[in-house]
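Peer 1: Contents of model.csv (CSV, C-alpha atoms and all ligand atoms) are below:
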```csv
chain,number,residue,atom,x,y,z
A,1,MET,CA,63.0,98.3,80.0
A,2,GLU,CA,66.7,98.8,80.4
A,3,THR,CA,69.4,98.9,77.8
A,4,ILE,CA,72.5,97.6,79.7
A,5,LEU,CA,75.9,98.5,78.4
A,6,VAL,CA,79.1,97.0,79.8
A,7,LEU,CA,81.9,99.5,79.0
A,8,ALA,CA,85.4,98.2,79.1
A,9,HIS,CA,88.8,99.5,78.1
A,10,VAL,CA,91.1,97.0,76.4
A,11,GLU,CA,94.6,96.3,77.8
A,12,ALA,CA,97.8,97.0,75.9
A,13,ASP,CA,98.0,93.3,74.8
A,14,GLY,CA,94.4,93.4,73.5
A,15,SER,CA,93.0,91.4,76.4
A,16,LEU,CA,90.3,92.3,78.9
A,17,ALA,CA,91.5,92.6,82.5
A,18,LYS,CA,89.7,90.8,85.4
A,19,PRO,CA,87.8,93.9,86.6
A,20,ALA,CA,86.2,94.2,83.1
A,21,ARG,CA,85.1,90.6,83.2
A,22,GLU,CA,83.7,91.2,86.7
A,23,ALA,CA,81.6,94.1,85.4
A,24,LEU,CA,80.4,91.7,82.7
A,25,THR,CA,79.2,89.3,85.4
A,26,ALA,CA,77.3,92.1,87.0
A,27,ALA,CA,75.7,93.1,83.7
A,28,ARG,CA,74.7,89.5,82.9
A,29,SER,CA,73.0,89.1,86.3
A,30,LEU,CA,71.1,92.4,85.7
A,31,LYS,CA,70.0,91.2,82.3
A,32,ALA,CA,68.6,88.1,83.8
A,33,ALA,CA,66.9,90.0,86.7
A,34,LEU,CA,65.5,92.9,84.7
A,35,THR,CA,62.7,91.6,82.4
A,36,GLY,CA,62.9,92.8,78.8
A,37,SER,CA,66.4,94.3,79.2
A,38,THR,CA,69.1,94.0,76.5
A,39,LEU,CA,72.8,93.7,76.8
A,40,CYS,CA,75.4,95.5,74.8
A,41,VAL,CA,79.2,95.4,75.2
A,42,GLY,CA,81.2,98.6,74.5
A,43,LEU,CA,85.0,98.4,74.0
A,44,VAL,CA,87.7,101.1,73.8
A,45,GLY,CA,91.3,100.5,72.8
A,46,ALA,CA,93.9,100.4,70.1
A,47,ASP,CA,92.3,97.2,68.7
A,48,VAL,CA,89.1,95.8,70.3
A,49,GLN,CA,88.5,92.7,68.2
A,50,ALA,CA,90.5,90.2,70.3
A,51,ALA,CA,88.8,91.4,73.4
A,52,ALA,CA,85.3,91.1,71.8
A,53,ASP,CA,86.2,87.6,70.6
A,54,ALA,CA,87.2,86.5,74.1
A,55,ILE,CA,83.8,87.4,75.4
A,56,ALA,CA,81.7,86.5,72.3
A,57,GLY,CA,79.7,84.0,74.3
A,58,CYS,CA,78.6,86.3,77.0
A,59,GLY,CA,75.1,86.7,75.7
A,60,ALA,CA,75.4,90.3,74.5
A,61,GLU,CA,73.1,91.3,71.6
A,62,ARG,CA,75.6,93.9,70.3
A,63,PHE,CA,79.3,94.7,70.4
A,64,VAL,CA,80.2,98.3,69.8
A,65,GLY,CA,83.7,99.6,69.7
A,66,VAL,CA,85.9,102.7,69.4
A,67,ALA,CA,89.4,101.7,68.2
A,68,GLY,CA,92.6,103.3,67.1
A,69,GLY,CA,96.0,104.4,68.4
A,70,ALA,CA,94.5,107.5,70.1
A,71,PHE,CA,92.4,105.3,72.3
A,72,ALA,CA,95.2,103.1,73.5
A,73,GLN,CA,96.4,105.4,76.2
A,74,PRO,CA,94.5,106.2,79.4
A,75,ARG,CA,93.7,109.9,78.8
A,76,TYR,CA,90.6,111.7,80.0
A,77,ALA,CA,89.8,113.5,76.8
A,78,THR,CA,90.0,110.6,74.4
A,79,ASP,CA,88.5,108.1,77.0
A,80,ALA,CA,85.5,110.4,77.6
A,81,LEU,CA,85.0,111.0,73.9
A,82,ALA,CA,85.1,107.2,73.1
A,83,ALA,CA,82.8,106.3,76.1
A,84,GLU,CA,80.3,109.0,75.3
A,85,SER,CA,80.1,107.9,71.6
A,86,ILE,CA,79.5,104.3,72.6
A,87,CYS,CA,76.8,105.2,75.2
A,88,ARG,CA,75.0,107.3,72.7
A,89,GLU,CA,75.2,104.7,70.0
A,90,ALA,CA,74.0,102.0,72.3
A,91,GLY,CA,71.2,104.2,73.8
A,92,ALA,CA,72.3,102.8,77.1
A,93,THR,CA,70.3,103.4,80.2
A,94,LEU,CA,72.4,101.4,82.6
A,95,ILE,CA,76.2,101.6,82.0
A,96,LEU,CA,78.3,99.1,84.0
A,97,ALA,CA,82.0,99.6,84.0
A,98,PRO,CA,85.0,98.3,86.0
A,99,GLY,CA,86.1,100.7,88.7
A,100,THR,CA,89.6,101.0,87.4
A,101,SER,CA,91.5,104.2,87.9
A,102,ARG,CA,91.1,104.9,84.1
A,103,TRP,CA,87.3,104.7,84.1
A,104,CYS,CA,86.9,106.3,87.6
A,105,ARG,CA,88.6,109.3,86.1
A,106,ALA,CA,86.7,109.5,82.8
A,107,LEU,CA,83.2,108.1,83.3
A,108,PRO,CA,81.7,110.6,85.9
A,109,GLY,CA,82.3,113.3,83.3
A,110,VAL,CA,80.7,111.2,80.6
A,111,ALA,CA,77.6,110.8,82.8
A,112,HIS,CA,77.4,114.5,83.1
A,113,ARG,CA,77.7,115.0,79.3
A,114,LEU,CA,74.8,112.5,78.9
A,115,GLY,CA,72.7,114.2,81.4
A,116,GLY,CA,72.9,111.1,83.6
A,117,ARG,CA,74.4,110.2,87.0
A,118,ALA,CA,77.3,108.2,88.2
A,119,ASP,CA,78.0,106.0,91.2
A,120,ALA,CA,81.5,104.7,92.0
A,121,HIS,CA,82.8,102.0,94.4
A,122,VAL,CA,79.7,99.9,93.9
A,123,THR,CA,80.1,96.5,95.6
A,124,GLY,CA,76.7,94.9,94.9
A,125,LEU,CA,73.7,95.3,92.5
A,126,PRO,CA,70.6,93.7,94.2
A,127,VAL,CA,67.4,93.7,92.2
A,128,THR,CA,64.2,93.6,94.3
A,129,ASP,CA,60.7,93.5,92.6
A,130,GLY,CA,62.3,94.4,89.3
A,131,THR,CA,64.0,97.5,90.7
A,132,LEU,CA,67.8,97.8,90.7
A,133,ALA,CA,69.7,99.2,93.7
A,134,VAL,CA,73.4,99.5,94.3
A,135,THR,CA,75.4,99.0,97.5
A,136,ARG,CA,78.5,100.8,98.6
A,137,TRP,CA,80.4,101.5,101.8
A,138,TYR,CA,80.9,104.8,103.4
A,139,TYR,CA,82.9,106.2,106.3
A,140,ARG,CA,85.8,103.9,105.7
A,141,GLN,CA,83.7,100.7,105.3
A,142,ARG,CA,81.8,101.3,108.6
A,143,ILE,CA,78.3,101.9,107.0
A,144,GLU,CA,76.9,100.1,104.0
A,145,VAL,CA,74.3,102.0,102.0
A,146,THR,CA,71.8,100.7,99.5
A,147,SER,CA,70.5,103.3,97.0
A,148,ARG,CA,68.4,103.5,93.9
A,149,ARG,CA,68.1,106.1,91.1
A,150,THR,CA,65.4,106.9,88.6
A,151,GLN,CA,67.7,109.1,86.5
A,152,ARG,CA,69.0,107.5,83.3
A,153,PRO,CA,71.6,106.9,82.0
A,154,TRP,CA,73.1,105.6,85.2
A,155,VAL,CA,76.8,104.9,85.2
A,156,ILE,CA,77.8,102.3,87.7
A,157,LEU,CA,81.5,101.7,88.5
A,158,VAL,CA,81.9,98.3,90.1
A,159,ASP,CA,84.7,97.9,92.6
A,160,PRO,CA,87.2,95.3,91.5
A,161,GLY,CA,87.2,92.1,93.5
A,162,CYS,CA,83.5,92.0,94.4
A,163,LEU,CA,82.3,89.5,91.8
A,164,ASP,CA,83.6,86.5,90.0
A,165,PRO,CA,85.0,87.4,86.5
A,166,TRP,CA,82.9,86.0,83.6
A,167,GLU,CA,84.6,83.0,81.9
A,168,GLY,CA,83.4,81.5,78.7
A,169,ALA,CA,84.4,80.2,75.4
A,170,ALA,CA,85.9,82.5,72.8
A,171,ALA,CA,84.3,82.9,69.3
A,172,ALA,CA,84.2,85.4,66.5
A,173,ALA,CA,82.3,88.5,67.6
A,174,SER,CA,80.9,91.0,65.1
A,175,VAL,CA,81.9,94.4,66.4
A,176,GLN,CA,80.3,97.6,65.1
A,177,LEU,CA,83.1,100.1,65.1
A,178,ILE,CA,82.2,103.8,65.5
A,179,ALA,CA,84.4,106.3,63.7
A,180,VAL,CA,85.5,108.8,66.3
A,181,GLN,CA,88.1,111.4,65.3
A,182,PRO,CA,89.5,113.1,68.4
A,183,PRO,CA,90.1,116.8,67.8
A,184,ALA,CA,93.8,117.9,68.2
A,185,GLY,CA,93.0,119.5,71.6
A,186,CYS,CA,92.1,116.0,73.0
A,187,LEU,CA,95.6,114.6,72.3
A,188,ARG,CA,97.7,117.0,74.4
A,189,THR,CA,98.3,114.5,77.2
A,190,THR,CA,100.6,111.6,76.5
A,191,VAL,CA,101.6,108.7,78.8
A,192,SER,CA,105.4,108.6,78.5
A,193,GLY,CA,105.8,105.3,80.4
A,194,PHE,CA,105.2,103.4,83.6
A,195,LEU,CA,107.3,103.3,86.7
A,196,THR,CA,106.9,100.0,88.5
A,197,PRO,CA,109.0,98.5,91.3
A,198,ALA,CA,111.2,95.5,90.5
A,199,ALA,CA,109.3,92.2,90.6
A,200,ASP,CA,110.8,91.1,93.8
A,201,ALA,CA,110.2,94.5,95.5
A,202,GLN,CA,106.5,94.3,94.6
A,203,THR,CA,104.9,93.3,97.9
A,204,ILE,CA,101.3,94.5,97.2
A,205,ARG,CA,99.4,91.7,95.4
A,206,PRO,CA,95.7,92.4,95.2
A,207,ASP,CA,94.9,88.9,93.8
A,208,ALA,CA,96.7,87.0,96.5
A,209,ASP,CA,94.8,84.5,98.7
A,210,LEU,CA,96.4,85.8,101.8
A,211,LEU,CA,97.0,89.3,103.3
A,212,PHE,CA,100.0,89.2,105.7
A,213,VAL,CA,100.1,92.2,108.0
A,214,ALA,CA,103.2,93.2,109.9
A,215,GLY,CA,102.8,95.5,112.8
A,216,ALA,CA,105.2,97.7,114.8
A,217,GLY,CA,105.9,94.9,117.2
A,218,TRP,CA,108.4,93.5,114.8
A,219,THR,CA,110.7,96.5,115.5
A,220,LYS,CA,110.1,96.6,119.2
A,221,VAL,CA,112.4,95.4,122.0
A,222,GLN,CA,111.8,91.7,122.5
A,223,PRO,CA,111.8,89.6,125.7
A,224,ASP,CA,115.6,89.2,125.4
A,225,GLY,CA,116.0,93.0,125.8
A,226,LYS,CA,117.1,93.5,122.1
A,227,VAL,CA,115.5,94.5,118.8
A,228,HIS,CA,115.7,92.0,115.9
A,229,VAL,CA,114.8,94.0,112.9
A,230,ALA,CA,117.1,92.2,110.4
A,231,GLU,CA,115.7,88.9,111.6
A,232,ALA,CA,112.1,90.3,111.2
A,233,ALA,CA,112.8,91.4,107.7
A,234,GLU,CA,114.2,88.0,106.8
A,235,LEU,CA,111.3,86.1,108.3
A,236,ILE,CA,108.7,88.3,106.6
A,237,LEU,CA,110.4,88.3,103.2
A,238,THR,CA,110.9,84.5,103.3
A,239,PHE,CA,107.2,84.0,104.1
A,240,LEU,CA,106.1,86.4,101.3
A,241,ARG,CA,108.4,84.6,98.8
A,242,GLU,CA,107.1,81.2,99.7
A,243,THR,CA,103.4,82.1,99.8
A,244,GLN,CA,103.2,85.0,97.4
A,245,ALA,CA,101.0,86.6,100.0
A,246,SER,CA,100.3,90.4,99.8
A,247,LEU,CA,102.0,92.5,102.4
A,248,GLY,CA,100.1,95.0,104.6
A,249,GLY,CA,101.4,97.1,107.5
A,250,SER,CA,100.0,98.9,110.4
A,251,LYS,CA,100.3,102.7,110.5
A,252,SER,CA,102.8,102.6,113.3
A,253,LEU,CA,105.1,100.4,111.3
A,254,VAL,CA,104.9,102.3,108.0
A,255,ASP,CA,105.3,105.6,109.8
A,256,LEU,CA,108.5,104.3,111.4
A,257,SER,CA,109.8,103.5,107.9
A,258,GLY,CA,108.8,106.9,106.6
A,259,GLU,CA,110.8,108.6,109.4
A,260,GLY,CA,114.0,107.0,108.2
A,261,GLN,CA,114.6,104.8,111.2
A,262,SER,CA,116.3,101.5,110.7
A,263,VAL,CA,113.1,99.5,110.1
A,264,LEU,CA,111.8,97.3,107.3
A,265,PRO,CA,113.0,98.9,104.1
A,266,PHE,CA,110.3,97.2,101.9
A,267,MET,CA,107.5,98.7,103.9
A,268,THR,CA,106.0,101.9,102.5
A,269,HIS,CA,102.8,103.9,103.1
A,270,LEU,CA,101.3,102.1,100.2
A,271,ASN,CA,101.3,98.9,102.4
A,272,GLN,CA,99.3,100.6,105.1
A,273,VAL,CA,95.9,99.0,105.9
A,274,GLY,CA,93.3,100.8,107.8
A,275,GLN,CA,91.2,104.0,108.2
A,276,THR,CA,93.9,106.2,106.6
A,277,GLY,CA,95.3,103.3,104.5
A,278,ALA,CA,93.9,100.7,102.2
A,279,THR,CA,90.9,98.3,102.5
A,280,PRO,CA,92.2,95.3,100.5
A,281,ARG,CA,90.1,92.2,99.5
A,282,HIS,CA,91.6,88.8,100.3
A,283,PRO,CA,90.0,85.5,101.3
A,284,LYS,CA,92.3,85.3,104.4
A,285,GLY,CA,94.4,87.5,106.5
A,286,LEU,CA,97.2,87.0,109.1
A,287,ALA,CA,98.2,89.9,111.4
A,288,THR,CA,101.5,89.6,113.2
A,289,CYS,CA,102.9,91.9,115.9
A,290,CYS,CA,100.0,94.2,115.3
A,291,HIS,CA,97.8,95.3,118.1
A,292,GLY,CA,94.5,95.2,116.2
A,293,GLU,CA,93.2,98.7,117.1
A,294,GLU,CA,90.0,99.8,115.4
A,295,PRO,CA,91.6,102.4,113.0
A,296,HIS,CA,93.7,99.5,111.7
A,297,VAL,CA,91.0,96.7,111.7
A,298,VAL,CA,88.5,98.9,109.8
A,299,GLY,CA,90.7,98.2,106.8
A,300,TRP,CA,90.0,94.5,107.2
A,301,ARG,CA,86.4,94.8,106.3
A,302,PHE,CA,86.8,92.7,103.2
A,303,ILE,CA,89.1,90.1,104.6
A,304,GLY,CA,87.4,86.7,104.9
A,305,GLU,CA,89.1,84.7,107.6
A,306,ARG,CA,91.1,86.6,110.1
A,307,ARG,CA,93.9,85.3,112.3
A,308,ALA,CA,96.5,87.1,114.4
A,309,VAL,CA,99.6,86.3,116.3
A,310,ASN,CA,100.3,88.5,119.3
A,311,LEU,CA,102.1,88.2,122.6
A,312,ASP,CA,99.4,90.1,124.4
A,313,PRO,CA,96.3,88.1,125.3
A,314,ASN,CA,94.4,91.4,125.7
A,315,CYS,CA,95.3,92.8,122.3
A,316,GLY,CA,92.5,94.2,120.1
A,317,TRP,CA,92.2,91.1,117.9
A,318,VAL,CA,91.1,89.1,120.9
A,319,ARG,CA,88.1,91.4,121.3
A,320,GLY,CA,86.0,89.9,118.6
A,321,LYS,CA,88.1,91.2,115.7
A,322,ALA,CA,89.8,88.0,114.6
A,323,ASP,CA,88.5,84.4,114.1
A,324,VAL,CA,91.6,82.9,115.6
A,325,VAL,CA,94.3,84.6,117.8
A,326,TYR,CA,97.5,82.8,118.6
A,327,VAL,CA,99.0,84.2,121.8
A,328,ALA,CA,102.6,83.5,120.9
A,329,ASP,CA,105.9,85.1,119.8
A,330,ALA,CA,105.5,85.9,116.1
A,331,PHE,CA,109.3,85.4,115.6
A,332,ALA,CA,109.0,81.8,116.7
A,333,VAL,CA,105.7,81.2,114.9
A,334,MET,CA,106.9,82.6,111.6
A,335,ALA,CA,110.3,80.8,111.8
A,336,LYS,CA,108.3,77.5,112.3
A,337,VAL,CA,105.9,78.3,109.5
A,338,ASN,CA,108.8,79.1,107.1
A,339,ALA,CA,110.5,75.9,108.0
A,340,LEU,CA,107.3,74.0,107.3
A,341,LEU,CA,106.9,75.8,104.0
A,342,ALA,CA,110.5,74.9,103.0
A,343,GLU,CA,109.9,71.3,103.9
A,344,LYS,CA,106.8,71.3,101.8
A,345,ALA,CA,108.6,72.9,98.9
A,346,SER,CA,111.4,70.3,98.9
A,347,ALA,CA,109.1,67.3,99.3
B,1,LIG,C1,92.8,109.2,112.8
B,1,LIG,C2,93.6,107.9,112.9
B,1,LIG,C3,93.8,107.1,111.8
B,1,LIG,C4,94.5,106.0,111.9
B,1,LIG,N1,94.7,105.2,110.8
B,1,LIG,C5,95.3,104.0,110.9
B,1,LIG,C6,95.4,103.2,109.7
B,1,LIG,O1,95.0,103.5,108.6
B,1,LIG,N2,96.1,102.0,109.9
B,1,LIG,C7,96.7,101.6,111.1
B,1,LIG,O2,97.3,100.5,111.1
B,1,LIG,N3,96.6,102.4,112.1
B,1,LIG,C8,95.9,103.6,112.1
B,1,LIG,N4,95.9,104.4,113.2
B,1,LIG,C9,96.7,104.1,114.3
B,1,LIG,C10,96.2,102.9,115.2
B,1,LIG,O3,95.3,103.5,116.1
B,1,LIG,C11,97.3,102.2,115.9
B,1,LIG,O4,98.1,103.2,116.6
B,1,LIG,C12,98.2,101.4,115.1
B,1,LIG,O5,97.5,100.5,114.2
B,1,LIG,C13,99.1,100.6,116.0
B,1,LIG,O6,100.0,99.8,115.2
B,1,LIG,P1,100.6,98.5,115.7
B,1,LIG,O7,99.5,97.6,116.2
B,1,LIG,O8,101.5,97.9,114.6
B,1,LIG,O9,101.6,98.9,116.9
B,1,LIG,P2,101.5,98.8,118.4
B,1,LIG,O10,100.2,99.4,119.0
B,1,LIG,O11,102.8,99.3,118.9
B,1,LIG,O12,101.4,97.2,118.7
B,1,LIG,C14,102.5,96.3,118.5
B,1,LIG,C15,102.0,95.0,118.9
B,1,LIG,O13,103.0,94.0,118.7
B,1,LIG,C16,102.9,93.0,119.7
B,1,LIG,N5,104.2,92.3,119.7
B,1,LIG,C17,105.4,92.8,120.0
B,1,LIG,N6,106.3,91.8,119.9
B,1,LIG,C18,105.7,90.7,119.5
B,1,LIG,C19,106.1,89.4,119.2
B,1,LIG,N7,107.4,89.0,119.3
B,1,LIG,N8,105.2,88.5,118.8
B,1,LIG,C20,103.9,88.8,118.7
B,1,LIG,N9,103.4,90.1,119.0
B,1,LIG,C21,104.3,91.0,119.4
B,1,LIG,C22,102.6,93.8,120.9
B,1,LIG,O14,102.0,92.9,121.9
B,1,LIG,C23,101.6,94.9,120.4
B,1,LIG,O15,100.3,94.4,120.5
B,1,LIG,C24,95.1,105.6,113.1
B,1,LIG,C25,95.0,106.4,114.2
B,1,LIG,C26,94.2,107.5,114.2
B,1,LIG,C27,94.1,108.4,115.4
```
Would you give me this structure, written as structure tokens?
Ligand SMILES: Cc1cc2nc3c(=O)[nH]c(=O)nc-3n(C[C@H](O)[C@H](O)[C@H](O)COP(=O)(O)OP(=O)(O)OC[C@H]3O[C@@H](n4cnc5c(N)ncnc54)[C@H](O)[C@@H]3O)c2cc1C
Peer 2:
Amino acid sequence: METILVLAHVEADGSLAKPAREALTAARSLKAALTGSTLCVGLVGADVQAAADAIAGCGAERFVGVAGGAFAQPRYATDALAAESICREAGATLILAPGTSRWCRALPGVAHRLGGRADAHVTGLPVTDGTLAVTRWYYRQRIEVTSRRTQRPWVILVDPGCLDPWEGAAAAASVQLIAVQPPAGCLRTTVSGFLTPAADAQTIRPDADLLFVAGAGWTKVQPDGKVHVAEAAELILTFLRETQASLGGSKSLVDLSGEGQSVLPFMTHLNQVGQTGATPRHPKGLATCCHGEEPHVVGWRFIGERRAVNLDPNCGWVRGKADVVYVADAFAVMAKVNALLAEKASA
């Protein structure tokens, strides 16, 4: 019989972020599938009551928390201390946590302290004949592996974006607060602030419905014998502004930006999708002026519906990598799409 613990850190405003509520969905499905199991919620933050109230109706038998100013900041020493205390108090055998950077850093160490094991980047938790397994991808999303463990406690970090976040009515939750006093040595690291790009320069939007990928073709000599980089930038930025799509790039394009050539200034290596870039999750994707070579397309593993616009009828996308390929000039296509979006906005 498993004691399932959902371990979440509370945001600065006291709320629970989407990845935490996704981990809660996973925990609830395990509770339903594993006969006799119990569910406990563990919360860490400056103040955990509001977060507990928000998920009071999730079906957990217990809410346990570690609260205080020292636990507001993402810091390995205090995060590990708080998480370890909660795991011990709950007697957890299965510990489900959102795969945030904060927990990915702290929880493997906690598993070690507890004599358990940790698995990160988990994308699924199938239960067969009463036995839990986890799935995750290896070799840049080319191989999916299903594995089981007998060792407990088992810390499972669930990749954000794989499950629907739990939604339910708020109520008053009764939280058992554990008094944890961090020793002075645990408080040496402080977060002095956050550096974030201006809102209109923020082109990576993990929650967007659409991934818009720009390839190096936007910077290449076009059929009229000229390059049209300024026009390309205007077309892409207009489309992003109107649709709030997330911007991805091919390696060739982001490398050009990195080499200081006159290319798209808003494109950085953070936008790169592919084998040596990111593997974002979006329901739809549109590739433009991108050849669709395997090292790029492997980053599209978790894109639902794929479309591409390319002048070349033999490009990689045509070879079974996209659902729809428009053999067309992306400058013309995107100008038309933007005009239609403007029409729709003014209607
Ligand atoms: C070890 C390794 C790791 C790699 N990792 C990555 C990675 O993570 N991500 C990645 O992207 N690549 C990666 N690559 C590189 C990858 O193999 C390709 O070289 C790269 O994706 C090509 O980028 P591209 O398609 O934008 O450019 P190009 O190959 O230059 O293609 C440009 C395309 O634009 C089209 N085009 C031009 N003008 C227009 C127009 N007006 N309208 C429509 N289409 C037009 C052309 O027909 C052409 O198909 C990796 C390679 C290696 C060896």
Peer 1: Counting all atoms listed in the file, which of A:Ala172, A:Leu24, A:Thr3, A:Gln181 gets nearest to Thr78 in chain A?
Peer 2: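 Among the listed residues, the smallest separation from Thr78 in chain A belongs to A:Gln181.
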Peer 1: Skip range 207-224 of chain A itself and residues of its chain fewer than 6 positions away, then list as an NGL selection string all residues within 8 Å of it, counting all atoms listed in the file.
Peer 2: :A and (232 or 244-253 or 263 or 282-291)
Peer 1: Name all residues at most 8 Å from range 89-103 of chain A (count only C-alpha atoms; drop same-chain ones fewer than 2 positions away) and give them as a PyMOL selection string.
Peer 2: chain A and resi 2-8+19-20+22-24+26-27+40+64+74-76+79+85-87+105-107+120-121+152-160
Peer 1: Within 12 Å of (73.3, 93.5, 65.4) in the file's own coordinates, which protein, DNA or RNA residues have an atom, counting all atoms listed in the file? List them as a PyMOL selection string.
Peer 2: chain A and resi 38-41+60-64+90+173-177
Peer 1: Which of these residues is nearest to Ala83 in chain A, using all atoms listed in the file: A:Val229, A:Leu264, A:Val110, A:Ala67?
Peer 2: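 When distances to Ala83 in chain A are compared using all atoms listed in the file, the smallest one comes from A:Val110.
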Peer 1: Let me make sure I understand: among A:Asn338, A:Thr203, A:Gln272, A:Thr279, which one has the smallest atom-to-atom distance to ligand LIG 1 (chain B) if we use all atoms listed in the file?
Peer 2: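 Ranked by minimum distance to ligand LIG 1 (chain B), first place goes to A:Gln272.
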